[in-house]
Amino acid sequence: MSKENLKKYRNEIDIIDNKLLKLIQTRAELALKIGQIKSKLDPNASLYKPDREADVLRNILKQNTGKISDKKIKTIFRELIAACLSLEEEIKVAYLGPEGTHSEAALINKFGSSALRIPSSSIEDVFRKIESNEVSLGIVPVENSSEGVINSTLNSLADHNIKICGEIYLDVHHQLASARRFNLNKATLIASHPQAIGQCSKWIEANLGNIERKIMNSSAEAAQYAKKNKNTLCIVNDLAIEKYKLFRQEKNIEDALNNQTRFLIIGNESIGKTSKDKTSFLIQTKNKPGSLLRILKPFEKKNINLNKIETRPSRTLTNSHDFFIDTEGHKDDSKLKLVIKEIESVGATLRILGSYPEDL
């Protein structure tokens, strides 16, 4: 009876797989037709629409009541959407390289495997590649749940006229690796990006003591360094271990549970409204008493929630401060329009960095 049942269930799966294949190809044909219509209406516009993708995924997840988790369903449909889009347009996305970084992992998570991944030497270089039209989009880390903001990203947002088009939160797990297996008490050095070393500092102190820490531009660069140097450890992700054929010494050595990094999708396109959006602002004010209160008061009056506030001395105006503020809502919402108008009326300089779908 068990063998007969096994054969029966496998036959049913084969039938379902064939139906899925036909439906996928039908979806691709429809997406192709939509892309052709869009190209005629606006030949210069990108076919990648984060607002449309967000609405599609939210509608799908609302209907998910089965055994497969929302996270996995989201991954499957993002891959499907990306594959259909690739029939009409090659999406080039710049990221902080080299290959094997958390930025590349976030890119794959967001855009699937169909996007053309362009490694960049620095976060600043990602912005430059967009400005020079080498790529249509970029992905950059902006903050980590345990180590805080990425200063080079905030600086680049202030320095470049680039829009935020989306965001994605990536669960970050750090792996301790080396070129080959050896006893940890023989390790002489540990290498990684400063954020990764910071996120694993307690583990390092408890298990490796005062081992020399070598700061690298990226965790992938650390992987390459460890590959060439004896008795050297590196902190990397699963992607780098696979890419550079490393030996995993210890798994998930990050200090904090639920360690996440938020990444921004950046480009030149303005994004339409969805059912749940964020807007990011750069607001500059003179460094005098009450300045911050005056720019925050309009948000309170309109009952608009602030997701994040970061402040630093202005890079362009003397005796002034820059406030990076994330709020709920889209810049085209009537309440947010009134807030913008009121902030500008008190003499602050305001720049909308972008309105975009909140990560699912």
# chains A, B, ... in the order shown; residues from 1 in each chain; ligands from 1
>>> residues_around(residues="segment 346-353 of chain A", least_positions_apart="3", cutoff="8 Å", atoms="only C-alpha atoms", output="ChimeraX atom specification")
/A:157,162-164,279-286,294-295,331,340,342-343
>>> write_last_selection(atoms="all heavy atoms", output="short mmCIF file (atom, residue, chain, number, x, y, z; two decimals), in the first residue's frame")
data_model
loop_
_atom_site.label_atom_id
_atom_site.label_comp_id
_atom_site.auth_asym_id
_atom_site.auth_seq_id
_atom_site.Cartn_x
_atom_site.Cartn_y
_atom_site.Cartn_z
N LEU A 157 23.88 59.90 0.00
CA LEU A 157 22.52 60.41 -0.22
C LEU A 157 22.50 61.93 -0.19
O LEU A 157 21.77 62.57 -0.96
CB LEU A 157 21.56 59.85 0.82
CG LEU A 157 21.14 58.39 0.68
CD1 LEU A 157 20.41 57.91 1.93
CD2 LEU A 157 20.27 58.17 -0.55
N ILE A 162 20.20 61.36 -6.17
CA ILE A 162 19.69 60.02 -6.49
C ILE A 162 18.48 59.73 -5.62
O ILE A 162 18.43 60.12 -4.46
CB ILE A 162 20.79 58.95 -6.24
CG1 ILE A 162 22.00 59.19 -7.15
CG2 ILE A 162 20.25 57.55 -6.43
CD1 ILE A 162 21.75 58.98 -8.60
N LYS A 163 17.49 59.02 -6.19
CA LYS A 163 16.25 58.73 -5.46
C LYS A 163 16.30 57.36 -4.78
O LYS A 163 16.88 56.41 -5.31
CB LYS A 163 15.06 58.79 -6.41
CG LYS A 163 14.77 60.15 -7.01
CD LYS A 163 13.51 60.08 -7.87
CE LYS A 163 13.13 61.45 -8.43
NZ LYS A 163 14.10 61.94 -9.43
N ILE A 164 15.66 57.28 -3.63
CA ILE A 164 15.42 55.97 -3.01
C ILE A 164 14.16 55.38 -3.65
O ILE A 164 13.11 56.02 -3.66
CB ILE A 164 15.23 56.10 -1.49
CG1 ILE A 164 16.47 56.73 -0.85
CG2 ILE A 164 14.95 54.73 -0.86
CD1 ILE A 164 16.30 57.05 0.63
N THR A 279 8.45 57.51 3.11
CA THR A 279 9.11 58.64 2.45
C THR A 279 10.32 59.02 3.27
O THR A 279 10.25 59.10 4.50
CB THR A 279 8.16 59.84 2.30
OG1 THR A 279 7.08 59.48 1.43
CG2 THR A 279 8.89 61.03 1.70
N SER A 280 11.44 59.25 2.59
CA SER A 280 12.68 59.66 3.24
C SER A 280 13.00 61.11 2.87
O SER A 280 12.90 61.49 1.70
CB SER A 280 13.84 58.76 2.81
OG SER A 280 13.64 57.44 3.27
N PHE A 281 13.36 61.90 3.89
CA PHE A 281 13.66 63.31 3.70
C PHE A 281 15.09 63.61 4.15
O PHE A 281 15.60 62.97 5.07
CB PHE A 281 12.73 64.20 4.56
CG PHE A 281 11.28 64.13 4.20
CD1 PHE A 281 10.42 63.29 4.89
CD2 PHE A 281 10.77 64.91 3.17
CE1 PHE A 281 9.07 63.23 4.58
CE2 PHE A 281 9.42 64.86 2.86
CZ PHE A 281 8.57 64.03 3.56
N LEU A 282 15.69 64.61 3.52
CA LEU A 282 16.88 65.26 4.04
C LEU A 282 16.48 66.70 4.32
O LEU A 282 16.14 67.46 3.40
CB LEU A 282 18.03 65.22 3.04
CG LEU A 282 19.26 66.07 3.38
CD1 LEU A 282 19.82 65.71 4.73
CD2 LEU A 282 20.32 65.94 2.29
N ILE A 283 16.48 67.07 5.61
CA ILE A 283 16.05 68.42 6.01
C ILE A 283 17.22 69.13 6.67
O ILE A 283 17.85 68.59 7.59
CB ILE A 283 14.85 68.36 6.98
CG1 ILE A 283 13.68 67.60 6.32
CG2 ILE A 283 14.41 69.76 7.37
CD1 ILE A 283 12.48 67.39 7.24
N GLN A 284 17.54 70.32 6.18
CA GLN A 284 18.66 71.10 6.70
C GLN A 284 18.13 72.33 7.45
O GLN A 284 17.26 73.04 6.95
CB GLN A 284 19.58 71.55 5.56
CG GLN A 284 20.25 70.38 4.84
CD GLN A 284 21.05 70.83 3.64
OE1 GLN A 284 20.62 71.69 2.88
NE2 GLN A 284 22.23 70.25 3.45
N THR A 285 18.67 72.56 8.66
CA THR A 285 18.26 73.71 9.47
C THR A 285 19.48 74.38 10.06
O THR A 285 20.54 73.76 10.22
CB THR A 285 17.33 73.29 10.62
OG1 THR A 285 18.09 72.49 11.55
CG2 THR A 285 16.14 72.49 10.13
N LYS A 286 19.34 75.65 10.40
CA LYS A 286 20.40 76.37 11.12
C LYS A 286 20.55 75.77 12.52
O LYS A 286 19.57 75.32 13.13
CB LYS A 286 20.05 77.85 11.23
CG LYS A 286 20.16 78.62 9.91
CD LYS A 286 21.61 78.72 9.44
CE LYS A 286 21.73 79.53 8.17
NZ LYS A 286 23.14 79.57 7.69
N ARG A 294 10.80 72.62 15.46
CA ARG A 294 9.99 73.27 14.41
C ARG A 294 9.77 72.35 13.22
O ARG A 294 8.73 72.42 12.57
CB ARG A 294 10.67 74.58 13.98
CG ARG A 294 10.40 75.74 14.93
CD ARG A 294 10.85 77.06 14.34
NE ARG A 294 12.30 77.17 14.29
CZ ARG A 294 13.04 77.61 15.30
NH1 ARG A 294 12.47 77.98 16.44
NH2 ARG A 294 14.35 77.69 15.19
N ILE A 295 10.74 71.48 12.90
CA ILE A 295 10.53 70.60 11.74
C ILE A 295 9.78 69.31 12.12
O ILE A 295 9.19 68.66 11.26
CB ILE A 295 11.86 70.26 11.04
CG1 ILE A 295 12.78 69.44 11.94
CG2 ILE A 295 12.54 71.51 10.53
CD1 ILE A 295 14.02 68.93 11.23
N LYS A 331 4.87 60.81 -0.62
CA LYS A 331 4.97 62.26 -0.79
C LYS A 331 3.73 62.86 -1.45
O LYS A 331 3.46 64.07 -1.30
CB LYS A 331 6.21 62.62 -1.62
CG LYS A 331 6.19 62.12 -3.06
CD LYS A 331 7.47 62.48 -3.80
CE LYS A 331 7.48 61.94 -5.21
NZ LYS A 331 6.43 62.49 -6.08
N ILE A 340 5.10 69.02 4.33
CA ILE A 340 6.23 69.53 3.55
C ILE A 340 6.13 71.06 3.41
O ILE A 340 7.11 71.78 3.61
CB ILE A 340 6.27 68.86 2.16
CG1 ILE A 340 6.63 67.38 2.31
CG2 ILE A 340 7.26 69.57 1.24
CD1 ILE A 340 6.41 66.56 1.05
N GLU A 342 4.58 73.16 5.36
CA GLU A 342 4.77 73.85 6.64
C GLU A 342 6.25 73.87 7.04
O GLU A 342 6.74 74.88 7.57
CB GLU A 342 3.94 73.18 7.73
CG GLU A 342 3.96 73.94 9.04
CD GLU A 342 2.94 73.44 10.05
OE1 GLU A 342 2.00 72.70 9.65
OE2 GLU A 342 3.09 73.77 11.25
N ILE A 343 6.96 72.79 6.79
CA ILE A 343 8.39 72.74 7.12
C ILE A 343 9.16 73.77 6.31
O ILE A 343 10.02 74.49 6.83
CB ILE A 343 8.96 71.32 6.89
CG1 ILE A 343 8.39 70.34 7.93
CG2 ILE A 343 10.48 71.33 6.95
CD1 ILE A 343 8.74 68.90 7.67
#
>>> residues_around(residues="Leu61 of chain A", least_positions_apart="2", cutoff="12 Å", atoms="only C-alpha atoms", output="number ranges by chain")
A: 54-59, 63-66, 68-77, 360
>>> write_last_selection(atoms="N, CA and C atoms", output="PDB file, in the first residue's frame")
ATOM      1  N   ALA A  54       5.249  45.467  -5.416  1.00  0.00           N
ATOM      2  CA  ALA A  54       4.817  45.438  -4.018  1.00  0.00           C
ATOM      3  C   ALA A  54       3.343  45.072  -3.910  1.00  0.00           C
ATOM      4  N   ASP A  55       2.501  45.670  -4.776  1.00  0.00           N
ATOM      5  CA  ASP A  55       1.071  45.365  -4.746  1.00  0.00           C
ATOM      6  C   ASP A  55       0.810  43.899  -5.091  1.00  0.00           C
ATOM      7  N   VAL A  56       1.532  43.381  -6.101  1.00  0.00           N
ATOM      8  CA  VAL A  56       1.368  41.974  -6.496  1.00  0.00           C
ATOM      9  C   VAL A  56       1.718  41.051  -5.334  1.00  0.00           C
ATOM     10  N   LEU A  57       2.865  41.299  -4.700  1.00  0.00           N
ATOM     11  CA  LEU A  57       3.314  40.432  -3.609  1.00  0.00           C
ATOM     12  C   LEU A  57       2.395  40.523  -2.393  1.00  0.00           C
ATOM     13  N   ARG A  58       1.933  41.721  -2.080  1.00  0.00           N
ATOM     14  CA  ARG A  58       1.024  41.864  -0.932  1.00  0.00           C
ATOM     15  C   ARG A  58      -0.280  41.122  -1.170  1.00  0.00           C
ATOM     16  N   ASN A  59      -0.794  41.202  -2.384  1.00  0.00           N
ATOM     17  CA  ASN A  59      -2.033  40.477  -2.706  1.00  0.00           C
ATOM     18  C   ASN A  59      -1.838  38.969  -2.629  1.00  0.00           C
ATOM     19  N   GLN A  63      -3.348  35.874   0.429  1.00  0.00           N
ATOM     20  CA  GLN A  63      -4.056  34.631   0.104  1.00  0.00           C
ATOM     21  C   GLN A  63      -3.298  33.380   0.537  1.00  0.00           C
ATOM     22  N   ASN A  64      -2.116  33.567   1.131  1.00  0.00           N
ATOM     23  CA  ASN A  64      -1.297  32.414   1.491  1.00  0.00           C
ATOM     24  C   ASN A  64      -1.753  31.817   2.820  1.00  0.00           C
ATOM     25  N   THR A  65      -2.370  30.662   2.749  1.00  0.00           N
ATOM     26  CA  THR A  65      -2.828  29.958   3.959  1.00  0.00           C
ATOM     27  C   THR A  65      -2.254  28.550   4.023  1.00  0.00           C
ATOM     28  N   GLY A  66      -1.279  28.260   3.163  1.00  0.00           N
ATOM     29  CA  GLY A  66      -0.734  26.903   3.081  1.00  0.00           C
ATOM     30  C   GLY A  66       0.472  26.667   3.957  1.00  0.00           C
ATOM     31  N   ILE A  68       3.720  26.495   3.059  1.00  0.00           N
ATOM     32  CA  ILE A  68       4.928  27.249   2.731  1.00  0.00           C
ATOM     33  C   ILE A  68       4.820  28.659   3.312  1.00  0.00           C
ATOM     34  N   SER A  69       5.867  29.093   3.999  1.00  0.00           N
ATOM     35  CA  SER A  69       5.847  30.379   4.706  1.00  0.00           C
ATOM     36  C   SER A  69       5.759  31.556   3.735  1.00  0.00           C
ATOM     37  N   ASP A  70       5.313  32.707   4.276  1.00  0.00           N
ATOM     38  CA  ASP A  70       5.245  33.934   3.472  1.00  0.00           C
ATOM     39  C   ASP A  70       6.614  34.283   2.900  1.00  0.00           C
ATOM     40  N   LYS A  71       7.653  34.113   3.705  1.00  0.00           N
ATOM     41  CA  LYS A  71       9.006  34.458   3.266  1.00  0.00           C
ATOM     42  C   LYS A  71       9.403  33.663   2.021  1.00  0.00           C
ATOM     43  N   LYS A  72       9.098  32.379   2.023  1.00  0.00           N
ATOM     44  CA  LYS A  72       9.470  31.530   0.881  1.00  0.00           C
ATOM     45  C   LYS A  72       8.580  31.799  -0.330  1.00  0.00           C
ATOM     46  N   ILE A  73       7.303  32.052  -0.069  1.00  0.00           N
ATOM     47  CA  ILE A  73       6.399  32.403  -1.172  1.00  0.00           C
ATOM     48  C   ILE A  73       6.865  33.693  -1.831  1.00  0.00           C
ATOM     49  N   LYS A  74       7.278  34.647  -1.015  1.00  0.00           N
ATOM     50  CA  LYS A  74       7.774  35.929  -1.532  1.00  0.00           C
ATOM     51  C   LYS A  74       8.998  35.703  -2.421  1.00  0.00           C
ATOM     52  N   THR A  75       9.914  34.838  -1.986  1.00  0.00           N
ATOM     53  CA  THR A  75      11.117  34.545  -2.768  1.00  0.00           C
ATOM     54  C   THR A  75      10.763  33.919  -4.111  1.00  0.00           C
ATOM     55  N   ILE A  76       9.830  32.983  -4.099  1.00  0.00           N
ATOM     56  CA  ILE A  76       9.416  32.301  -5.334  1.00  0.00           C
ATOM     57  C   ILE A  76       8.818  33.295  -6.328  1.00  0.00           C
ATOM     58  N   PHE A  77       7.930  34.157  -5.838  1.00  0.00           N
ATOM     59  CA  PHE A  77       7.259  35.094  -6.750  1.00  0.00           C
ATOM     60  C   PHE A  77       8.189  36.214  -7.212  1.00  0.00           C
ATOM     61  N   LEU A 360       8.061  44.247   2.590  1.00  0.00           N
ATOM     62  CA  LEU A 360       6.998  43.326   3.025  1.00  0.00           C
ATOM     63  C   LEU A 360       7.443  42.542   4.253  1.00  0.00           C
TER      64      LEU A 360
END
>>> closest_residue(among="A:Gly267, A:Lys341, A:Cys84, A:Lys110", to="Ser132 of chain A", atoms="only C-alpha atoms")
A:Gly267
>>> closest_residue(among="A:Leu96, A:Leu233, A:Leu41, A:Leu47", to="Arg248 of chain A", atoms="only C-alpha atoms")
A:Leu233
>>> select_by_dssp(residues="segment 154-183 of chain A", states="helix (DSSP H, G or I)", output="list in words")
Leu154, Asn155, Ser156, Leu157, Ala158 and Asp159 of chain A
>>> select_by_dssp(residues="segment 41-235 of chain A", states="strand (DSSP E)", output="MDAnalysis selection string")
chainID A and resid 92:96 116:120 137:144 148:149 163:171 175:178 189:192 212:215 232:235
>>> atom_distance(atom1="atom CA of Asn287 of chain A", atom2="atom CA of Ser345 of chain A")
17.1 Å
>>> residues_around(residues="Cys200 of chain A", least_positions_apart="4", cutoff="7 Å", atoms="only C-alpha atoms", output="MDAnalysis selection string")
chainID A and resid 196 204 253:255
>>> atom_distance(atom1="atom CA of Tyr356 of chain A", atom2="atom CA of Leu257 of chain A")
27.8 Å
>>> residues_around(residues="Ala177 of chain A", least_positions_apart="6", cutoff="9 Å", atoms="only C-alpha atoms", output="PDB file with all heavy atoms, in the first residue's frame")
ATOM      1  N   ALA A 223      37.257  37.254   2.686  1.00  0.00           N
ATOM      2  CA  ALA A 223      37.273  35.855   2.245  1.00  0.00           C
ATOM      3  C   ALA A 223      38.454  35.604   1.320  1.00  0.00           C
ATOM      4  O   ALA A 223      39.153  34.583   1.440  1.00  0.00           O
ATOM      5  CB  ALA A 223      35.962  35.525   1.538  1.00  0.00           C
ATOM      6  N   ALA A 226      41.676  35.590   3.460  1.00  0.00           N
ATOM      7  CA  ALA A 226      41.829  34.356   4.233  1.00  0.00           C
ATOM      8  C   ALA A 226      42.207  33.175   3.343  1.00  0.00           C
ATOM      9  O   ALA A 226      42.937  32.279   3.767  1.00  0.00           O
ATOM     10  CB  ALA A 226      40.540  34.057   4.998  1.00  0.00           C
ATOM     11  N   THR A 232      44.520  32.097   9.065  1.00  0.00           N
ATOM     12  CA  THR A 232      43.727  33.330   9.054  1.00  0.00           C
ATOM     13  C   THR A 232      42.241  32.992   8.999  1.00  0.00           C
ATOM     14  O   THR A 232      41.818  32.144   8.206  1.00  0.00           O
ATOM     15  CB  THR A 232      44.098  34.204   7.839  1.00  0.00           C
ATOM     16  OG1 THR A 232      45.454  34.619   7.979  1.00  0.00           O
ATOM     17  CG2 THR A 232      43.213  35.429   7.751  1.00  0.00           C
ATOM     18  N   LEU A 233      41.473  33.667   9.847  1.00  0.00           N
ATOM     19  CA  LEU A 233      40.021  33.505   9.870  1.00  0.00           C
ATOM     20  C   LEU A 233      39.358  34.695   9.198  1.00  0.00           C
ATOM     21  O   LEU A 233      39.934  35.783   9.114  1.00  0.00           O
ATOM     22  CB  LEU A 233      39.522  33.404  11.314  1.00  0.00           C
ATOM     23  CG  LEU A 233      40.055  32.242  12.150  1.00  0.00           C
ATOM     24  CD1 LEU A 233      39.695  32.444  13.614  1.00  0.00           C
ATOM     25  CD2 LEU A 233      39.519  30.911  11.635  1.00  0.00           C
ATOM     26  N   CYS A 234      38.136  34.496   8.751  1.00  0.00           N
ATOM     27  CA  CYS A 234      37.358  35.606   8.208  1.00  0.00           C
ATOM     28  C   CYS A 234      35.902  35.447   8.631  1.00  0.00           C
ATOM     29  O   CYS A 234      35.446  34.335   8.905  1.00  0.00           O
ATOM     30  CB  CYS A 234      37.466  35.679   6.679  1.00  0.00           C
ATOM     31  SG  CYS A 234      36.919  34.185   5.811  1.00  0.00           S
ATOM     32  N   ILE A 235      35.210  36.580   8.705  1.00  0.00           N
ATOM     33  CA  ILE A 235      33.774  36.564   8.994  1.00  0.00           C
ATOM     34  C   ILE A 235      33.058  36.890   7.695  1.00  0.00           C
ATOM     35  O   ILE A 235      33.231  37.979   7.135  1.00  0.00           O
ATOM     36  CB  ILE A 235      33.411  37.597  10.083  1.00  0.00           C
ATOM     37  CG1 ILE A 235      34.198  37.332  11.367  1.00  0.00           C
ATOM     38  CG2 ILE A 235      31.909  37.564  10.367  1.00  0.00           C
ATOM     39  CD1 ILE A 235      34.010  38.394  12.436  1.00  0.00           C
ATOM     40  N   VAL A 236      32.259  35.938   7.230  1.00  0.00           N
ATOM     41  CA  VAL A 236      31.624  36.062   5.908  1.00  0.00           C
ATOM     42  C   VAL A 236      30.196  35.525   5.976  1.00  0.00           C
ATOM     43  O   VAL A 236      29.730  35.088   7.028  1.00  0.00           O
ATOM     44  CB  VAL A 236      32.427  35.290   4.833  1.00  0.00           C
ATOM     45  CG1 VAL A 236      33.808  35.904   4.631  1.00  0.00           C
ATOM     46  CG2 VAL A 236      32.567  33.810   5.221  1.00  0.00           C
ATOM     47  N   ILE A 241      31.205  31.751   1.394  1.00  0.00           N
ATOM     48  CA  ILE A 241      31.755  30.410   1.647  1.00  0.00           C
ATOM     49  C   ILE A 241      31.628  29.546   0.399  1.00  0.00           C
ATOM     50  O   ILE A 241      32.574  28.847   0.006  1.00  0.00           O
ATOM     51  CB  ILE A 241      31.047  29.761   2.849  1.00  0.00           C
ATOM     52  CG1 ILE A 241      31.499  30.435   4.148  1.00  0.00           C
ATOM     53  CG2 ILE A 241      31.321  28.253   2.904  1.00  0.00           C
ATOM     54  CD1 ILE A 241      30.839  29.904   5.391  1.00  0.00           C
ATOM     55  N   LEU A 246      35.424  28.043   0.952  1.00  0.00           N
ATOM     56  CA  LEU A 246      36.017  28.133   2.280  1.00  0.00           C
ATOM     57  C   LEU A 246      35.526  27.012   3.192  1.00  0.00           C
ATOM     58  O   LEU A 246      34.479  26.400   2.935  1.00  0.00           O
ATOM     59  CB  LEU A 246      35.673  29.486   2.908  1.00  0.00           C
ATOM     60  CG  LEU A 246      36.163  30.735   2.169  1.00  0.00           C
ATOM     61  CD1 LEU A 246      35.585  31.982   2.819  1.00  0.00           C
ATOM     62  CD2 LEU A 246      37.675  30.800   2.138  1.00  0.00           C
ATOM     63  N   PHE A 247      36.251  26.796   4.278  1.00  0.00           N
ATOM     64  CA  PHE A 247      35.815  25.850   5.299  1.00  0.00           C
ATOM     65  C   PHE A 247      35.094  26.624   6.405  1.00  0.00           C
ATOM     66  O   PHE A 247      35.623  27.611   6.928  1.00  0.00           O
ATOM     67  CB  PHE A 247      37.011  25.090   5.885  1.00  0.00           C
ATOM     68  CG  PHE A 247      36.629  24.192   7.022  1.00  0.00           C
ATOM     69  CD1 PHE A 247      36.027  22.966   6.777  1.00  0.00           C
ATOM     70  CD2 PHE A 247      36.847  24.576   8.340  1.00  0.00           C
ATOM     71  CE1 PHE A 247      35.650  22.138   7.836  1.00  0.00           C
ATOM     72  CE2 PHE A 247      36.478  23.758   9.399  1.00  0.00           C
ATOM     73  CZ  PHE A 247      35.878  22.533   9.137  1.00  0.00           C
ATOM     74  N   ARG A 248      33.904  26.177   6.764  1.00  0.00           N
ATOM     75  CA  ARG A 248      33.139  26.834   7.825  1.00  0.00           C
ATOM     76  C   ARG A 248      33.624  26.328   9.182  1.00  0.00           C
ATOM     77  O   ARG A 248      33.419  25.172   9.550  1.00  0.00           O
ATOM     78  CB  ARG A 248      31.648  26.540   7.658  1.00  0.00           C
ATOM     79  CG  ARG A 248      30.739  27.382   8.567  1.00  0.00           C
ATOM     80  CD  ARG A 248      29.324  26.804   8.614  1.00  0.00           C
ATOM     81  NE  ARG A 248      28.801  26.596   7.286  1.00  0.00           N
ATOM     82  CZ  ARG A 248      28.049  27.463   6.610  1.00  0.00           C
ATOM     83  NH1 ARG A 248      27.738  28.610   7.165  1.00  0.00           N
ATOM     84  NH2 ARG A 248      27.618  27.186   5.391  1.00  0.00           N
ATOM     85  N   GLN A 249      34.249  27.238   9.945  1.00  0.00           N
ATOM     86  CA  GLN A 249      34.757  26.879  11.274  1.00  0.00           C
ATOM     87  C   GLN A 249      33.638  26.902  12.322  1.00  0.00           C
ATOM     88  O   GLN A 249      33.527  26.001  13.141  1.00  0.00           O
ATOM     89  CB  GLN A 249      35.866  27.852  11.684  1.00  0.00           C
ATOM     90  CG  GLN A 249      37.133  27.768  10.851  1.00  0.00           C
ATOM     91  CD  GLN A 249      38.080  26.692  11.351  1.00  0.00           C
ATOM     92  OE1 GLN A 249      37.755  25.908  12.245  1.00  0.00           O
ATOM     93  NE2 GLN A 249      39.264  26.641  10.764  1.00  0.00           N
ATOM     94  N   GLU A 250      32.825  27.964  12.302  1.00  0.00           N
ATOM     95  CA  GLU A 250      31.706  28.103  13.235  1.00  0.00           C
ATOM     96  C   GLU A 250      30.537  28.761  12.510  1.00  0.00           C
ATOM     97  O   GLU A 250      30.732  29.580  11.616  1.00  0.00           O
ATOM     98  CB  GLU A 250      32.097  28.953  14.443  1.00  0.00           C
ATOM     99  CG  GLU A 250      33.170  28.357  15.331  1.00  0.00           C
ATOM    100  CD  GLU A 250      32.672  27.190  16.169  1.00  0.00           C
ATOM    101  OE1 GLU A 250      31.434  27.039  16.289  1.00  0.00           O
ATOM    102  OE2 GLU A 250      33.510  26.454  16.709  1.00  0.00           O
ATOM    103  N   LYS A 251      29.329  28.411  12.934  1.00  0.00           N
ATOM    104  CA  LYS A 251      28.121  28.909  12.268  1.00  0.00           C
ATOM    105  C   LYS A 251      27.431  29.976  13.118  1.00  0.00           C
ATOM    106  O   LYS A 251      27.345  29.858  14.346  1.00  0.00           O
ATOM    107  CB  LYS A 251      27.162  27.734  12.029  1.00  0.00           C
ATOM    108  CG  LYS A 251      25.907  28.089  11.255  1.00  0.00           C
ATOM    109  CD  LYS A 251      25.052  26.844  11.005  1.00  0.00           C
ATOM    110  CE  LYS A 251      23.809  27.193  10.217  1.00  0.00           C
ATOM    111  NZ  LYS A 251      22.945  26.007   9.987  1.00  0.00           N
TER     112      LYS A 251
END
>>> atom_distance(atom1="atom CA of Arg180 of chain A", atom2="atom CA of Tyr244 of chain A")
11.4 Å
>>> closest_residue(among="A:Glu167, A:Leu317, A:Glu300, A:Pro357", to="Lys335 of chain A", atoms="only C-alpha atoms")
A:Glu300
>>> closest_atom_pairs(of="segment 96-207 of chain A", to="segment 303-316 of chain A", cutoff="12 Å", atoms="only C-alpha atoms", output="tab-separated table")
residue	atom	partner	partner_atom	distance
A:Val142	CA	A:Glu310	CA	11.3
A:Glu143	CA	A:Lys308	CA	10.7
A:Gly148	CA	A:Glu310	CA	10.2
A:Val149	CA	A:Glu310	CA	8.4
A:Ile150	CA	A:Glu310	CA	11.0
A:Asn151	CA	A:Arg312	CA	10.0
A:Leu154	CA	A:Glu310	CA	9.2
A:Asn155	CA	A:Arg315	CA	8.1
A:Ser156	CA	A:Arg315	CA	10.6
A:Leu157	CA	A:Arg315	CA	11.2
A:Ala158	CA	A:Arg315	CA	7.8
A:Asp159	CA	A:Arg315	CA	8.2
A:His160	CA	A:Arg315	CA	11.9
